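Structure data (PDB, C-alpha atoms and all ligand atoms) from query07.pdb:
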```pdb
ATOM      1  CA  MET K   1      37.166  15.274   1.183
ATOM      2  CA  PRO K   2      40.529  16.579   2.362
ATOM      3  CA  SER K   3      43.431  15.616   0.156
ATOM      4  CA  ILE K   4      45.050  13.460   2.862
ATOM      5  CA  VAL K   5      41.990  11.202   2.665
ATOM      6  CA  GLN K   6      42.259  10.935  -1.115
ATOM      7  CA  GLU K   7      45.947  10.227  -0.830
ATOM      8  CA  LEU K   8      45.683   7.589   1.923
ATOM      9  CA  SER K   9      42.737   5.874   0.224
ATOM     10  CA  GLY K  10      44.593   5.622  -3.072
ATOM     11  CA  HIS K  11      41.919   7.881  -4.653
ATOM     12  CA  ARG K  12      39.360   5.085  -4.458
ATOM     13  CA  ASP K  13      35.640   5.761  -4.211
ATOM     14  CA  LEU K  14      34.273   5.531  -0.693
ATOM     15  CA  GLY K  15      32.544   2.184  -0.138
ATOM     16  CA  GLY K  16      30.729   2.946   3.088
ATOM     17  CA  LEU K  17      30.593   5.208   6.095
ATOM     18  CA  ARG K  18      30.510   3.401   9.452
ATOM     19  CA  ILE K  19      29.955   4.763  12.959
ATOM     20  CA  LEU K  20      31.784   2.559  15.451
ATOM     21  CA  LEU K  21      31.659   4.603  18.628
ATOM     22  CA  ASP K  22      29.160   6.761  20.419
ATOM     23  CA  CYS K  23      31.609   9.497  21.346
ATOM     24  CA  PRO K  24      30.839  13.230  21.486
ATOM     25  CA  PHE K  25      34.381  14.379  20.765
ATOM     26  CA  LYS K  26      35.972  15.527  17.547
ATOM     27  CA  ALA K  27      38.803  13.485  16.101
ATOM     28  CA  THR K  28      42.429  14.400  16.672
ATOM     29  CA  VAL K  29      43.791  11.374  14.832
ATOM     30  CA  LEU K  30      43.122   9.900  11.425
ATOM     31  CA  ARG K  31      44.039   6.231  11.693
ATOM     32  CA  GLU K  32      45.133   4.534   8.500
ATOM     33  CA  GLY K  33      44.077   0.896   8.240
ATOM     34  CA  PRO K  34      46.008  -1.921   6.572
ATOM     35  CA  ALA K  35      46.723  -1.832   2.837
ATOM     36  CA  GLN K  36      44.037  -3.052   0.452
ATOM     37  CA  ASP K  37      44.332  -6.679  -0.639
ATOM     38  CA  SER K  38      44.821  -5.484  -4.203
ATOM     39  CA  GLY K  39      45.783  -2.117  -5.593
ATOM     40  CA  PRO K  40      46.741   1.118  -3.853
ATOM     41  CA  GLY K  41      45.413   2.720  -0.685
ATOM     42  CA  ALA K  42      44.321   1.778   2.806
ATOM     43  CA  ALA K  43      41.374  -0.546   3.429
ATOM     44  CA  TRP K  44      39.825   2.028   5.764
ATOM     45  CA  LEU K  45      40.423   5.317   7.567
ATOM     46  CA  ALA K  46      39.138   5.914  11.105
ATOM     47  CA  TYR K  47      38.687   9.214  12.959
ATOM     48  CA  LEU K  48      39.477   9.002  16.672
ATOM     49  CA  CYS K  49      39.620  11.359  19.659
ATOM     50  CA  PRO K  50      42.432  11.201  22.284
ATOM     51  CA  VAL K  51      40.353   8.889  24.519
ATOM     52  CA  HIS K  52      39.836   6.395  21.701
ATOM     53  CA  THR K  53      43.260   6.400  20.091
ATOM     54  CA  VAL K  54      43.834   3.039  21.722
ATOM     55  CA  ASP K  55      43.759  -0.155  19.682
ATOM     56  CA  LEU K  56      40.178  -0.837  18.700
ATOM     57  CA  ASP K  57      39.249  -4.525  18.459
ATOM     58  CA  GLY K  58      39.169  -5.585  14.839
ATOM     59  CA  TRP K  59      40.585  -2.312  13.544
ATOM     60  CA  PRO K  60      44.370  -2.755  13.441
ATOM     61  CA  GLY K  61      45.918   0.547  12.358
ATOM     62  CA  ALA K  62      48.968   0.801  10.128
ATOM     63  CA  ALA K  63      49.713   4.458  10.949
ATOM     64  CA  ASP K  64      48.210   7.465  12.743
ATOM     65  CA  HIS K  65      48.004  10.931  11.200
ATOM     66  CA  ALA K  66      47.074  14.199  12.923
ATOM     67  CA  ASP K  67      43.548  15.497  12.379
ATOM     68  CA  ASP K  68      41.988  18.719  13.609
ATOM     69  CA  GLY K  69      38.400  17.661  14.157
ATOM     70  CA  THR K  70      37.352  16.868  10.591
ATOM     71  CA  MET K  71      34.845  14.241  11.745
ATOM     72  CA  PRO K  72      33.294  12.976  14.979
ATOM     73  CA  CYS K  73      35.293  10.298  16.775
ATOM     74  CA  GLY K  74      34.310   6.795  15.696
ATOM     75  CA  THR K  75      33.644   7.615  12.046
ATOM     76  CA  VAL K  76      35.177   5.124   9.631
ATOM     77  CA  LEU K  77      35.552   5.581   5.883
ATOM     78  CA  ASP K  78      35.585   2.064   4.442
ATOM     79  CA  TYR K  79      37.165   1.643   0.999
ATOM     80  CA  ARG K  80      37.026  -2.139   0.742
ATOM     81  CA  SER K  81      35.076  -4.088  -1.854
ATOM     82  CA  PRO K  82      31.426  -4.907  -1.045
ATOM     83  CA  GLU K  83      32.484  -8.469  -0.166
ATOM     84  CA  GLY K  84      35.289  -7.136   2.035
ATOM     85  CA  ARG K  85      32.879  -4.869   3.877
ATOM     86  CA  LEU K  86      30.333  -7.667   4.348
ATOM     87  CA  GLN K  87      33.067  -9.937   5.718
ATOM     88  CA  SER K  88      34.148  -7.192   8.113
ATOM     89  CA  HIS K  89      30.583  -6.736   9.394
ATOM     90  CA  ALA K  90      30.329 -10.500   9.879
ATOM     91  CA  ASP K  91      33.664 -10.735  11.714
ATOM     92  CA  LEU K  92      33.158  -7.741  13.983
ATOM     93  CA  TRP K  93      29.576  -8.065  15.154
ATOM     94  CA  LEU K  94      27.074 -10.023  13.057
ATOM     95  CA  THR K  95      28.631 -13.484  13.485
ATOM     96  CA  PRO K  96      29.431 -12.921  17.205
ATOM     97  CA  LEU K  97      25.833 -11.733  17.699
ATOM     98  CA  THR K  98      24.030 -14.491  15.781
ATOM     99  CA  GLY K  99      26.473 -17.410  15.642
ATOM    100  CA  VAL K 100      25.968 -17.496  11.856
ATOM    101  CA  ASP K 101      29.247 -17.701   9.916
ATOM    102  CA  PRO K 102      29.425 -16.655   6.242
ATOM    103  CA  ALA K 103      32.010 -19.402   5.670
ATOM    104  CA  ALA K 104      29.155 -21.895   5.992
ATOM    105  CA  TYR K 105      27.353 -20.335   2.996
ATOM    106  CA  GLY K 106      30.096 -20.645   0.405
ATOM    107  CA  GLY K 107      30.264 -16.977  -0.476
ATOM    108  CA  VAL K 108      26.496 -16.617  -1.008
ATOM    109  CA  TRP K 109      25.994 -13.470   1.018
ATOM    110  CA  SER K 110      22.217 -13.388   0.635
ATOM    111  CA  ASP K 111      21.957 -16.857   2.248
ATOM    112  CA  PHE K 112      24.198 -15.758   5.124
ATOM    113  CA  LEU K 113      22.128 -12.599   5.680
ATOM    114  CA  ASP K 114      18.855 -14.579   5.497
ATOM    115  CA  GLN K 115      20.070 -16.981   8.169
ATOM    116  CA  ALA K 116      21.443 -14.205  10.418
ATOM    117  CA  ASP K 117      18.121 -12.384  10.074
ATOM    118  CA  ARG K 118      16.221 -15.549  11.061
ATOM    119  CA  VAL K 119      18.264 -15.735  14.259
ATOM    120  CA  LEU K 120      17.637 -12.068  15.092
ATOM    121  CA  LEU K 121      13.926 -12.394  14.357
ATOM    122  CA  ALA K 122      13.638 -15.518  16.522
ATOM    123  CA  ARG K 123      15.252 -13.633  19.424
ATOM    124  CA  VAL K 124      12.928 -10.672  18.972
ATOM    125  CA  GLU K 125       9.936 -13.025  18.960
ATOM    126  CA  GLU K 126      11.212 -14.858  22.044
ATOM    127  CA  ALA K 127      11.541 -11.566  23.881
ATOM    128  CA  ALA K 128       8.061 -10.507  22.766
ATOM    129  CA  ALA K 129       6.610 -13.817  24.006
ATOM    130  CA  ALA K 130       8.191 -13.051  27.378
ATOM    131  CA  GLY K 131       6.613  -9.583  27.346
ATOM    132  CA  GLU K 132       9.899  -7.805  26.668
ATOM    133  CA  ASP K 133      11.134  -5.440  23.984
ATOM    134  CA  SER K 134      14.324  -6.659  22.360
ATOM    135  CA  PRO K 135      16.826  -4.015  21.226
ATOM    136  CA  LEU K 136      17.434  -6.328  18.250
ATOM    137  CA  GLN K 137      14.035  -5.201  16.981
ATOM    138  CA  ASN K 138      15.718  -2.011  15.755
ATOM    139  CA  MET K 139      17.983  -3.994  13.433
ATOM    140  CA  LEU K 140      15.245  -5.766  11.510
ATOM    141  CA  ALA K 141      14.406  -2.974   9.043
ATOM    142  CA  SER K 142      18.015  -2.494   7.956
ATOM    143  CA  MET K 143      18.553  -6.258   7.855
ATOM    144  CA  ALA K 144      15.552  -6.534   5.525
ATOM    145  CA  VAL K 145      17.143  -4.004   3.156
ATOM    146  CA  ALA K 146      20.493  -5.807   3.331
ATOM    147  CA  ARG K 147      18.887  -9.192   2.568
ATOM    148  CA  GLN K 148      16.813  -7.829  -0.284
ATOM    149  CA  ARG K 149      19.693  -6.008  -1.960
ATOM    150  CA  ALA K 150      22.061  -8.958  -1.511
ATOM    151  CA  ALA K 151      19.458 -11.214  -3.148
ATOM    152  CA  GLN K 152      19.400  -8.771  -6.086
ATOM    153  CA  GLY K 153      23.188  -8.963  -6.320
ATOM    154  CA  ASP K 154      23.785  -5.442  -5.044
ATOM    155  CA  LEU K 155      26.281  -6.315  -2.324
ATOM    156  CA  GLY K 156      27.514  -2.722  -1.978
ATOM    157  CA  VAL K 157      24.104  -1.458  -0.857
ATOM    158  CA  ALA K 158      23.679  -4.573   1.298
ATOM    159  CA  ALA K 159      26.952  -3.807   3.110
ATOM    160  CA  THR K 160      25.972  -0.167   3.575
ATOM    161  CA  ALA K 161      22.583  -1.217   4.994
ATOM    162  CA  LEU K 162      24.393  -3.122   7.755
ATOM    163  CA  GLY K 163      25.978   0.136   8.982
ATOM    164  CA  PRO K 164      23.075   1.208  11.225
ATOM    165  CA  CYS K 165      22.917  -2.333  12.682
ATOM    166  CA  GLU K 166      26.608  -2.150  13.530
ATOM    167  CA  THR K 167      26.034   1.163  15.296
ATOM    168  CA  LEU K 168      23.116  -0.359  17.266
ATOM    169  CA  ALA K 169      25.224  -3.400  18.132
ATOM    170  CA  GLN K 170      27.505  -1.222  20.272
ATOM    171  CA  TYR K 171      24.665  -0.747  22.736
ATOM    172  CA  LEU K 172      23.947  -4.452  23.248
TER     173      LEU K 172
HETATM  174 ZN    ZN Q 201      36.271   9.250  21.148
END
```
Just give me the structure as structure tokens.
Ligand SMILES: [Zn+2]
Amino acid sequence: MPSIVQELSGHRDLGGLRILLDCPFKATVLREGPAQDSGPGAAWLAYLCPVHTVDLDGWPGAADHADDGTMPCGTVLDYRSPEGRLQSHADLWLTPLTGVDPAAYGGVWSDFLDQADRVLLARVEEAAAAGEDSPLQNMLASMAVARQRAAQGDLGVAATALGPCETLAQYL
């Protein structure tokens, strides 16, 4: 990793890699997210091309730094805690998509993921009954991993498993 990334992230270990945009261009900007809730460094760093250096919903930048194509546009390095990353996935796409809010599950992430998965599965089955293929079908495998790992207490892997679902959610 380039040293600017280490510096901006407060030398934290990378929590998860997220792909937010389907964009063929290389980044020209490294956007620094808000400060971590505790300790040094930014919560996340996002790579963006000139077309996408607008404000992205849910990704309020604190500062922009020049980048010369280190990563494809739309790549986000997320340095938050597992719980912080799960909350971000919920806020940005999983709760809007399913109507299931983690606040209703008192911090028990496995229960939240189980309920969200039930909603997705019900929609896939509804579509199948109507003779249609639901694009949500493609989320079920990763959701199964996320649920299983959350139930085992491994919230970091659970949050990472939601990454591919987030990428799919952009096409819905
Ligand atoms: Zn772009």
Check which residues satisfy the PyMOL selection byres (((chain K and resi 28) around 7) and not hetatm) in the file shown, then give them as a PDB file with C-alpha atoms, keeping the file's coordinate frame.
```
ATOM      1  CA  LYS K  26      35.972  15.527  17.547  1.00  0.00           C
ATOM      2  CA  ALA K  27      38.803  13.485  16.101  1.00  0.00           C
ATOM      3  CA  VAL K  29      43.791  11.374  14.832  1.00  0.00           C
ATOM      4  CA  LEU K  30      43.122   9.900  11.425  1.00  0.00           C
ATOM      5  CA  LEU K  48      39.477   9.002  16.672  1.00  0.00           C
ATOM      6  CA  CYS K  49      39.620  11.359  19.659  1.00  0.00           C
ATOM      7  CA  PRO K  50      42.432  11.201  22.284  1.00  0.00           C
ATOM      8  CA  ALA K  66      47.074  14.199  12.923  1.00  0.00           C
ATOM      9  CA  ASP K  67      43.548  15.497  12.379  1.00  0.00           C
ATOM     10  CA  ASP K  68      41.988  18.719  13.609  1.00  0.00           C
ATOM     11  CA  GLY K  69      38.400  17.661  14.157  1.00  0.00           C
TER      12      GLY K  69
END
```
**Message:** Quick check on the file I pasted: which residues fall under the PyMOL selection byres (((chain K and resi 87-103) around 9) and not hetatm)? Write them as an MDAnalysis selection string.
**Reply:** chainID K and resid 57:58 82:86 104:109 111:113 115:117 119:120 159 162:163 165:166 169:170
**Request:** Rounded to one decimal place, report the CA of Val76 (chain K)-CA of Tyr47 (chain K) distance in Å.
**Result:**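 So the two atoms, CA of Val76 (chain K) and CA of Tyr47 (chain K), lie 6.3 Å apart.
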**Asked** What do you get, as an NGL selection string, if you spell out every residue that the PyMOL selection byres (((chain K and resi 10) around 12) and not hetatm) selects here?
**Response** :K and (3-9 or 11-14 or 32 or 35-36 or 38-45 or 79-80)
Just-selected residues, C-alpha atoms written as a PDB file, in the frame of the given file:
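Final output, saved to part-v4.pdb:
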```pdb
ATOM      1  CA  SER K   3      43.431  15.616   0.156  1.00  0.00           C
ATOM      2  CA  ILE K   4      45.050  13.460   2.862  1.00  0.00           C
ATOM      3  CA  VAL K   5      41.990  11.202   2.665  1.00  0.00           C
ATOM      4  CA  GLN K   6      42.259  10.935  -1.115  1.00  0.00           C
ATOM      5  CA  GLU K   7      45.947  10.227  -0.830  1.00  0.00           C
ATOM      6  CA  LEU K   8      45.683   7.589   1.923  1.00  0.00           C
ATOM      7  CA  SER K   9      42.737   5.874   0.224  1.00  0.00           C
ATOM      8  CA  HIS K  11      41.919   7.881  -4.653  1.00  0.00           C
ATOM      9  CA  ARG K  12      39.360   5.085  -4.458  1.00  0.00           C
ATOM     10  CA  ASP K  13      35.640   5.761  -4.211  1.00  0.00           C
ATOM     11  CA  LEU K  14      34.273   5.531  -0.693  1.00  0.00           C
ATOM     12  CA  GLU K  32      45.133   4.534   8.500  1.00  0.00           C
ATOM     13  CA  ALA K  35      46.723  -1.832   2.837  1.00  0.00           C
ATOM     14  CA  GLN K  36      44.037  -3.052   0.452  1.00  0.00           C
ATOM     15  CA  SER K  38      44.821  -5.484  -4.203  1.00  0.00           C
ATOM     16  CA  GLY K  39      45.783  -2.117  -5.593  1.00  0.00           C
ATOM     17  CA  PRO K  40      46.741   1.118  -3.853  1.00  0.00           C
ATOM     18  CA  GLY K  41      45.413   2.720  -0.685  1.00  0.00           C
ATOM     19  CA  ALA K  42      44.321   1.778   2.806  1.00  0.00           C
ATOM     20  CA  ALA K  43      41.374  -0.546   3.429  1.00  0.00           C
ATOM     21  CA  TRP K  44      39.825   2.028   5.764  1.00  0.00           C
ATOM     22  CA  LEU K  45      40.423   5.317   7.567  1.00  0.00           C
ATOM     23  CA  TYR K  79      37.165   1.643   0.999  1.00  0.00           C
ATOM     24  CA  ARG K  80      37.026  -2.139   0.742  1.00  0.00           C
TER      25      ARG K  80
END
```
**Prompt:** In Å, how far is it from CA of Asp64 (chain K) to CA of His52 (chain K)?
**Reply:** 12.3 Å
**Request:** Tell me, as a list in words, which residues lie within 6 Å of Leu21 (chain K), counting only C-alpha atoms; anything in the same chain fewer than 2 positions away does not count.
**Result:** Ile19, Cys23 and Gly74 of chain K
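Between CA of Ser110 (chain K) and CA of Asp78 (chain K) lies a distance of 20.8 Å.
If you measure from each of K:Val124, K:Leu56, K:Ala129, K:Leu17 to ligand ZN 201 (chain Q) using all atoms listed in the file, the closest one turns out to be K:Leu56.
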Taking every listed atom of region 159-162 of chain K and adding 3 Å to each side, what centre and edge lengths in Å (one decimal) does the axis-aligned box have, as lines of an AutoDock Vina configuration file?
```
center_x = 24.8
center_y = -2.0
center_z = 5.4
size_x = 10.4
size_y = 9.6
size_z = 10.6
```
Could you give me region 16-38 of chain K completed to N, CA and C atoms, formatted as a tab-separated table (two decimals), in the coordinates of the input?
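Result went into result-v4.tsv, see below:
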```tsv
chain	number	residue	atom	x	y	z
K	16	GLY	N	31.77	2.75	2.08
K	16	GLY	CA	30.73	2.95	3.09
K	16	GLY	C	31.24	3.74	4.28
K	17	LEU	N	30.30	4.44	4.89
K	17	LEU	CA	30.59	5.21	6.10
K	17	LEU	C	30.09	4.39	7.28
K	18	ARG	N	30.93	4.19	8.28
K	18	ARG	CA	30.51	3.40	9.45
K	18	ARG	C	30.73	4.22	10.71
K	19	ILE	N	29.84	4.05	11.68
K	19	ILE	CA	29.96	4.76	12.96
K	19	ILE	C	30.18	3.71	14.03
K	20	LEU	N	31.40	3.65	14.55
K	20	LEU	CA	31.78	2.56	15.45
K	20	LEU	C	31.63	2.90	16.91
K	21	LEU	N	31.65	4.19	17.23
K	21	LEU	CA	31.66	4.60	18.63
K	21	LEU	C	30.63	5.69	18.84
K	22	ASP	N	30.04	5.67	20.03
K	22	ASP	CA	29.16	6.76	20.42
K	22	ASP	C	30.00	7.70	21.28
K	23	CYS	N	30.68	8.62	20.64
K	23	CYS	CA	31.61	9.50	21.35
K	23	CYS	C	31.35	10.93	20.90
K	24	PRO	N	31.21	11.86	21.85
K	24	PRO	CA	30.84	13.23	21.49
K	24	PRO	C	32.00	14.08	20.99
K	25	PHE	N	33.22	13.54	21.06
K	25	PHE	CA	34.38	14.38	20.76
K	25	PHE	C	34.77	14.35	19.29
K	26	LYS	N	35.43	15.43	18.91
K	26	LYS	CA	35.97	15.53	17.55
K	26	LYS	C	37.27	14.74	17.48
K	27	ALA	N	37.58	14.27	16.29
K	27	ALA	CA	38.80	13.48	16.10
K	27	ALA	C	40.05	14.36	16.19
K	28	THR	N	41.10	13.77	16.72
K	28	THR	CA	42.43	14.40	16.67
K	28	THR	C	43.39	13.54	15.86
K	29	VAL	N	42.95	12.32	15.56
K	29	VAL	CA	43.79	11.37	14.83
K	29	VAL	C	43.00	10.77	13.68
K	30	LEU	N	43.66	10.65	12.55
K	30	LEU	CA	43.12	9.90	11.42
K	30	LEU	C	43.95	8.62	11.33
K	31	ARG	N	43.31	7.51	11.69
K	31	ARG	CA	44.04	6.23	11.69
K	31	ARG	C	43.91	5.55	10.33
K	32	GLU	N	45.07	5.19	9.81
K	32	GLU	CA	45.13	4.53	8.50
K	32	GLU	C	45.11	3.03	8.71
K	33	GLY	N	44.17	2.34	8.11
K	33	GLY	CA	44.08	0.90	8.24
K	33	GLY	C	45.09	0.18	7.37
K	34	PRO	N	45.07	-1.14	7.39
K	34	PRO	CA	46.01	-1.92	6.57
K	34	PRO	C	45.80	-1.68	5.08
K	35	ALA	N	46.81	-2.01	4.29
K	35	ALA	CA	46.72	-1.83	2.84
K	35	ALA	C	45.61	-2.71	2.26
K	36	GLN	N	45.04	-2.26	1.17
K	36	GLN	CA	44.04	-3.05	0.45
K	36	GLN	C	44.66	-4.37	0.00
K	37	ASP	N	43.83	-5.40	-0.15
K	37	ASP	CA	44.33	-6.68	-0.64
K	37	ASP	C	44.92	-6.53	-2.04
K	38	SER	N	44.29	-5.70	-2.85
K	38	SER	CA	44.82	-5.48	-4.20
K	38	SER	C	44.75	-4.00	-4.53
```
